[in-house]
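First comes the structure, then the notes that go with it.
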Amino acid sequence: MSDPTPQKEPLVRVDAVEKIFHRGSEDIHVLSDLTLHVPAGEFVALMGPSGSGKSTLLNLIGGLDRPTKGSVSVAGDRLDNLSDRQLAAWRARHIGFVFQLYNLMPVLTAERNVELPLLLTPLTKVQRQKHVATALAMVGLSHRATHYPRTMSGGEQQRVGIARGIVTDPTLLLCDEPTGDLDRKAGDEILDLLTALNREHGKTIVMVTHDPHASARAARTVHLTKGRLTSEAQS
Ligand SMILES: Nc1ncnc2c1ncn2[C@@H]1O[C@H](COP(=O)(O)OP(=O)(O)OP(=O)(O)O)[C@@H](O)[C@H]1O
């Protein structure tokens with residue numbers, strides 16, 4: 001009998017994943033039998049002690065690395081089967097990254113930094129400018145478009161980082177400690193922005209954080225301990 005209310009296929013499917021790094025003759029088991037599904041439109045926080053494998057998991061979901069065993073699918077694409085070249089093209093189309101230390105290019109203005117991911121797409125210069133203007137407006141920084149990162153506060157630089165993360169209209173926004181280098185007030189503003197991107201623009205977000213104040217903004221928090229998911233909580 002068919003299910004009367006079929007579940008939608010999750011946007012992110014991490015199934016029975018194992019990740020082992022090799023350092024010299026040593027095998028480092030980082031993720032073990034890890035399964036995580038994220039539906040489209042969800043805001044998930046990923047917490048756990050230092051070294052528990054959070055960034056490793058984020059990198060697998062973002063196609064920056066491949067699992068040793070198991071499968072990773074995003075938006076129906078099996079990432080563990082793609083070549084490096086295919087993965088790079090896939091990432092450019094589907095993933096926006098936001099980093100703890102912003103990773104902005106100091107020699108480029110805010111608008112040029114935001115434009116960077118678009119240089120990997122076939123968009124024309126005029127189309128790129130339009131997308132950049134939209135992304136900067138979404139983070140409330142249109143008035144700082146021609147300013148350099150060094151002239152901006154940490155919170156403003158992270159807004160530019162988020163604008164760069166969303167400028168391609170990615171399927172998934174992956175944030176690694178996005179408030180980790182900010183004070184409480186600036187961090188709260190970044191969390192407000194991520195919440196608005198999720199609620200008002202339907203962005204699916206996976207955010208690694210150490211901060212319970214940040215994870216409280218997510219609809220669901222998953223905890224990693226020594227490479228295994230140990231608990232989940234709905235906010
Ligand atoms: N490329 C690599 N080669 C070897 N070991 C690695 C590599 N990347 C990560 N590791 C190891 O995997 C483990 C998990 O690292 P990971 O960065 O995923 O943890 P984390 O939970 O994100 O930690 P933190 O909160 O400190 O950022 C660590 O022991 C780390 O040293």
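Chain lettering (A, B, ...) mirrors the order of the structure tokens, residue numbering begins at 1 for each chain separately, and ligand numbering begins at 1 in order of display.
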
Write out as a ChimeraX atom specification each polymer residue whose atoms come within 12 Å of Pro212 (chain A), counting only C-alpha atoms; drop sequence neighbours fewer than 5 positions from it.
/A:45-48,177,179-180,207,217-218,220-223,233,235

Residues at most 9 Å from ligand 1, using only C-alpha atoms and all ligand atoms? Could they come as number ranges by chain?
A: 19-23, 27-31, 47-59, 176-177, 208-210, 224-227

Write out as a list in words all residues of region 41-189 of chain A that DSSP puts in strand (DSSP E) for this structure's backbone.
Phe43, Val44, Ala45, Leu46, Met47, Lys69, Gly70, Ser71, Val72, Ser73, Val74, Asp77, Arg78, Ile95, Gly96, Phe97, Val98, Leu172, Leu173, Leu174, Cys175 and Asp176 of chain A

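When only C-alpha atoms are used to compute distances to Ala133 (chain A), the closest of the residues A:Thr121, A:Gln100, A:Thr146, A:Thr151 turns out to be A:Thr146.
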
Kindly assemble as a Markdown table a list of the region 153-176 of chain A residues that lie within 9 Å of region 106-117 of chain A, each paired with its nearest atom pair and their distance in Å to one decimal, using only C-alpha atoms, sorted first by chain and then by ascending residue number.
```
| residue | atom | partner | partner_atom | distance |
| --- | --- | --- | --- | --- |
| A:Gln157 | CA | A:Ala110 | CA | 8.3 |
| A:Val160 | CA | A:Ala110 | CA | 6.3 |
| A:Gly161 | CA | A:Val114 | CA | 7.4 |
| A:Ile162 | CA | A:Val114 | CA | 8.6 |
| A:Ala163 | CA | A:Val114 | CA | 6.1 |
| A:Arg164 | CA | A:Val114 | CA | 4.1 |
| A:Gly165 | CA | A:Val114 | CA | 7.8 |
| A:Ile166 | CA | A:Val114 | CA | 8.9 |
| A:Val167 | CA | A:Val114 | CA | 6.8 |
| A:Thr168 | CA | A:Pro117 | CA | 7.0 |
```

Shell of 12 Å around Leu193 (chain A), only C-alpha atoms, local chain residues under 2 positions omitted, as a PDB file with N, CA and C atoms, in the first residue's frame:
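Written output follows (selection.pdb):
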```
ATOM      1  N   ALA A 137      22.236  44.225  -0.552  1.00  0.00           N
ATOM      2  CA  ALA A 137      21.008  44.799   0.013  1.00  0.00           C
ATOM      3  C   ALA A 137      20.409  43.839   1.040  1.00  0.00           C
ATOM      4  N   MET A 138      20.468  42.551   0.758  1.00  0.00           N
ATOM      5  CA  MET A 138      19.891  41.564   1.693  1.00  0.00           C
ATOM      6  C   MET A 138      20.605  41.575   3.040  1.00  0.00           C
ATOM      7  N   VAL A 139      21.889  41.909   3.057  1.00  0.00           N
ATOM      8  CA  VAL A 139      22.613  41.951   4.335  1.00  0.00           C
ATOM      9  C   VAL A 139      22.703  43.379   4.876  1.00  0.00           C
ATOM     10  N   GLY A 140      22.005  44.322   4.220  1.00  0.00           N
ATOM     11  CA  GLY A 140      21.941  45.696   4.722  1.00  0.00           C
ATOM     12  C   GLY A 140      23.233  46.478   4.542  1.00  0.00           C
ATOM     13  N   LEU A 141      23.990  46.160   3.497  1.00  0.00           N
ATOM     14  CA  LEU A 141      25.284  46.842   3.330  1.00  0.00           C
ATOM     15  C   LEU A 141      25.444  47.526   1.968  1.00  0.00           C
ATOM     16  N   GLY A 155      31.554  42.605  12.438  1.00  0.00           N
ATOM     17  CA  GLY A 155      30.176  42.251  12.088  1.00  0.00           C
ATOM     18  C   GLY A 155      29.860  42.604  10.634  1.00  0.00           C
ATOM     19  N   GLU A 156      30.353  43.775  10.202  1.00  0.00           N
ATOM     20  CA  GLU A 156      30.129  44.175   8.801  1.00  0.00           C
ATOM     21  C   GLU A 156      30.881  43.252   7.846  1.00  0.00           C
ATOM     22  N   GLN A 158      31.556  40.180   8.360  1.00  0.00           N
ATOM     23  CA  GLN A 158      30.837  38.910   8.282  1.00  0.00           C
ATOM     24  C   GLN A 158      29.588  39.060   7.417  1.00  0.00           C
ATOM     25  N   ARG A 159      28.958  40.248   7.428  1.00  0.00           N
ATOM     26  CA  ARG A 159      27.812  40.470   6.529  1.00  0.00           C
ATOM     27  C   ARG A 159      28.249  40.361   5.075  1.00  0.00           C
ATOM     28  N   VAL A 160      29.433  40.914   4.780  1.00  0.00           N
ATOM     29  CA  VAL A 160      29.964  40.783   3.417  1.00  0.00           C
ATOM     30  C   VAL A 160      30.201  39.290   3.120  1.00  0.00           C
ATOM     31  N   GLY A 161      30.730  38.571   4.137  1.00  0.00           N
ATOM     32  CA  GLY A 161      30.957  37.127   3.966  1.00  0.00           C
ATOM     33  C   GLY A 161      29.650  36.392   3.668  1.00  0.00           C
ATOM     34  N   ILE A 162      28.583  36.806   4.323  1.00  0.00           N
ATOM     35  CA  ILE A 162      27.280  36.163   4.085  1.00  0.00           C
ATOM     36  C   ILE A 162      26.749  36.553   2.698  1.00  0.00           C
ATOM     37  N   ALA A 163      26.922  37.830   2.327  1.00  0.00           N
ATOM     38  CA  ALA A 163      26.492  38.253   0.977  1.00  0.00           C
ATOM     39  C   ALA A 163      27.217  37.426  -0.084  1.00  0.00           C
ATOM     40  N   ILE A 166      25.652  33.986  -0.295  1.00  0.00           N
ATOM     41  CA  ILE A 166      24.301  33.833  -0.881  1.00  0.00           C
ATOM     42  C   ILE A 166      24.200  34.383  -2.305  1.00  0.00           C
ATOM     43  N   PRO A 178      30.039  31.023  12.418  1.00  0.00           N
ATOM     44  CA  PRO A 178      29.914  32.358  11.812  1.00  0.00           C
ATOM     45  C   PRO A 178      29.981  33.498  12.819  1.00  0.00           C
ATOM     46  N   THR A 179      29.737  33.190  14.104  1.00  0.00           N
ATOM     47  CA  THR A 179      29.791  34.253  15.119  1.00  0.00           C
ATOM     48  C   THR A 179      30.994  34.073  16.045  1.00  0.00           C
ATOM     49  N   ALA A 186      27.349  41.982  17.887  1.00  0.00           N
ATOM     50  CA  ALA A 186      27.581  41.749  16.452  1.00  0.00           C
ATOM     51  C   ALA A 186      27.165  40.319  16.091  1.00  0.00           C
ATOM     52  N   GLY A 187      27.431  39.380  16.996  1.00  0.00           N
ATOM     53  CA  GLY A 187      27.035  37.990  16.759  1.00  0.00           C
ATOM     54  C   GLY A 187      25.526  37.863  16.640  1.00  0.00           C
ATOM     55  N   ASP A 188      24.809  38.582  17.517  1.00  0.00           N
ATOM     56  CA  ASP A 188      23.338  38.551  17.468  1.00  0.00           C
ATOM     57  C   ASP A 188      22.823  39.085  16.130  1.00  0.00           C
ATOM     58  N   GLU A 189      23.474  40.127  15.629  1.00  0.00           N
ATOM     59  CA  GLU A 189      23.038  40.693  14.342  1.00  0.00           C
ATOM     60  C   GLU A 189      23.243  39.686  13.206  1.00  0.00           C
ATOM     61  N   ILE A 190      24.352  38.958  13.282  1.00  0.00           N
ATOM     62  CA  ILE A 190      24.593  37.925  12.256  1.00  0.00           C
ATOM     63  C   ILE A 190      23.553  36.813  12.386  1.00  0.00           C
ATOM     64  N   LEU A 191      23.220  36.435  13.624  1.00  0.00           N
ATOM     65  CA  LEU A 191      22.211  35.383  13.827  1.00  0.00           C
ATOM     66  C   LEU A 191      20.837  35.858  13.364  1.00  0.00           C
ATOM     67  N   THR A 195      18.736  33.967  10.529  1.00  0.00           N
ATOM     68  CA  THR A 195      17.342  33.581  10.803  1.00  0.00           C
ATOM     69  C   THR A 195      16.421  34.135   9.714  1.00  0.00           C
ATOM     70  N   ALA A 196      16.655  35.395   9.312  1.00  0.00           N
ATOM     71  CA  ALA A 196      15.819  36.007   8.270  1.00  0.00           C
ATOM     72  C   ALA A 196      16.036  35.303   6.925  1.00  0.00           C
ATOM     73  N   LEU A 197      17.262  34.948   6.629  1.00  0.00           N
ATOM     74  CA  LEU A 197      17.524  34.241   5.363  1.00  0.00           C
ATOM     75  C   LEU A 197      16.792  32.905   5.340  1.00  0.00           C
ATOM     76  N   ASN A 198      16.742  32.259   6.505  1.00  0.00           N
ATOM     77  CA  ASN A 198      16.046  30.978   6.609  1.00  0.00           C
ATOM     78  C   ASN A 198      14.535  31.168   6.536  1.00  0.00           C
ATOM     79  N   ARG A 199      14.003  32.079   7.366  1.00  0.00           N
ATOM     80  CA  ARG A 199      12.537  32.193   7.486  1.00  0.00           C
ATOM     81  C   ARG A 199      11.916  32.925   6.305  1.00  0.00           C
ATOM     82  N   GLU A 200      12.563  34.007   5.874  1.00  0.00           N
ATOM     83  CA  GLU A 200      11.935  34.849   4.848  1.00  0.00           C
ATOM     84  C   GLU A 200      12.343  34.452   3.429  1.00  0.00           C
ATOM     85  N   HIS A 201      13.544  33.892   3.292  1.00  0.00           N
ATOM     86  CA  HIS A 201      14.009  33.546   1.948  1.00  0.00           C
ATOM     87  C   HIS A 201      14.134  32.040   1.742  1.00  0.00           C
ATOM     88  N   LYS A 203      16.110  29.806   2.899  1.00  0.00           N
ATOM     89  CA  LYS A 203      17.443  29.191   2.762  1.00  0.00           C
ATOM     90  C   LYS A 203      17.605  28.028   3.742  1.00  0.00           C
ATOM     91  N   ILE A 205      20.032  26.014   5.984  1.00  0.00           N
ATOM     92  CA  ILE A 205      21.308  26.402   6.608  1.00  0.00           C
ATOM     93  C   ILE A 205      21.787  25.282   7.524  1.00  0.00           C
ATOM     94  N   ALA A 214      23.905  30.676  19.905  1.00  0.00           N
ATOM     95  CA  ALA A 214      23.749  30.607  18.442  1.00  0.00           C
ATOM     96  C   ALA A 214      22.891  29.413  18.054  1.00  0.00           C
ATOM     97  N   ARG A 217      19.055  29.518  17.930  1.00  0.00           N
ATOM     98  CA  ARG A 217      18.349  30.116  16.792  1.00  0.00           C
ATOM     99  C   ARG A 217      17.923  29.083  15.757  1.00  0.00           C
TER     100      ARG A 217
END
```

Coordinates-based distance that separates CA of Leu79 (chain A) from CA of Glu232 (chain A) (Å, one decimal)
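Atom-to-atom, CA of Glu232 (chain A) and CA of Leu79 (chain A) are spaced 24.9 Å apart.
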
Would you list the contacts of Leu60 (chain A) as a PyMOL selection string, taking every protein, DNA or RNA residue within 9 Å and counting only C-alpha atoms, but skipping same-chain residues closer than 5 positions in sequence?
chain A and resi 14+55+65-67+72+79-80

Keeping C-alpha atoms for every residue in the selection just given, could you write it to a file as a short mmCIF file (atom, residue, chain, number, x, y, z; two decimals), in the first residue's frame?
```
data_model
loop_
_atom_site.label_atom_id
_atom_site.label_comp_id
_atom_site.auth_asym_id
_atom_site.auth_seq_id
_atom_site.Cartn_x
_atom_site.Cartn_y
_atom_site.Cartn_z
CA VAL A 14 24.41 11.75 4.85
CA SER A 55 34.09 20.74 10.26
CA ASP A 65 35.95 16.25 0.78
CA ARG A 66 34.64 12.70 0.28
CA PRO A 67 33.69 10.05 2.83
CA VAL A 72 26.50 11.94 0.77
CA LEU A 79 28.70 13.73 -4.13
CA ASP A 80 30.90 10.77 -3.22
#
```

Top pick for closest residue to Gly70 (chain A), considering A:Met105, A:Val206, A:Val126, A:Leu34 and counting only C-alpha atoms
A:Leu34

So the first atom is CA of Cys175 (chain A) and the second is CA of Phe99 (chain A); what is the distance between them in Å, to one decimal place?
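Separation between CA of Cys175 (chain A) and CA of Phe99 (chain A): 6.0 Å.
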
Selection near Ser73 (chain A), 6 Å with only C-alpha atoms, sequence-local residues under 3 positions removed, as a ChimeraX atom specification
/A:12-13,76-79

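As for CA of Ala216 (chain A) and CA of Glu18 (chain A), they are spaced 28.0 Å apart.
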
Excluding Pro170 (chain A) and its own-chain neighbours fewer than 2 positions away, which residues fall within 6 Å of it when counting only C-alpha atoms? Please give them as a PyMOL selection string.
chain A and resi 94-96+168+172
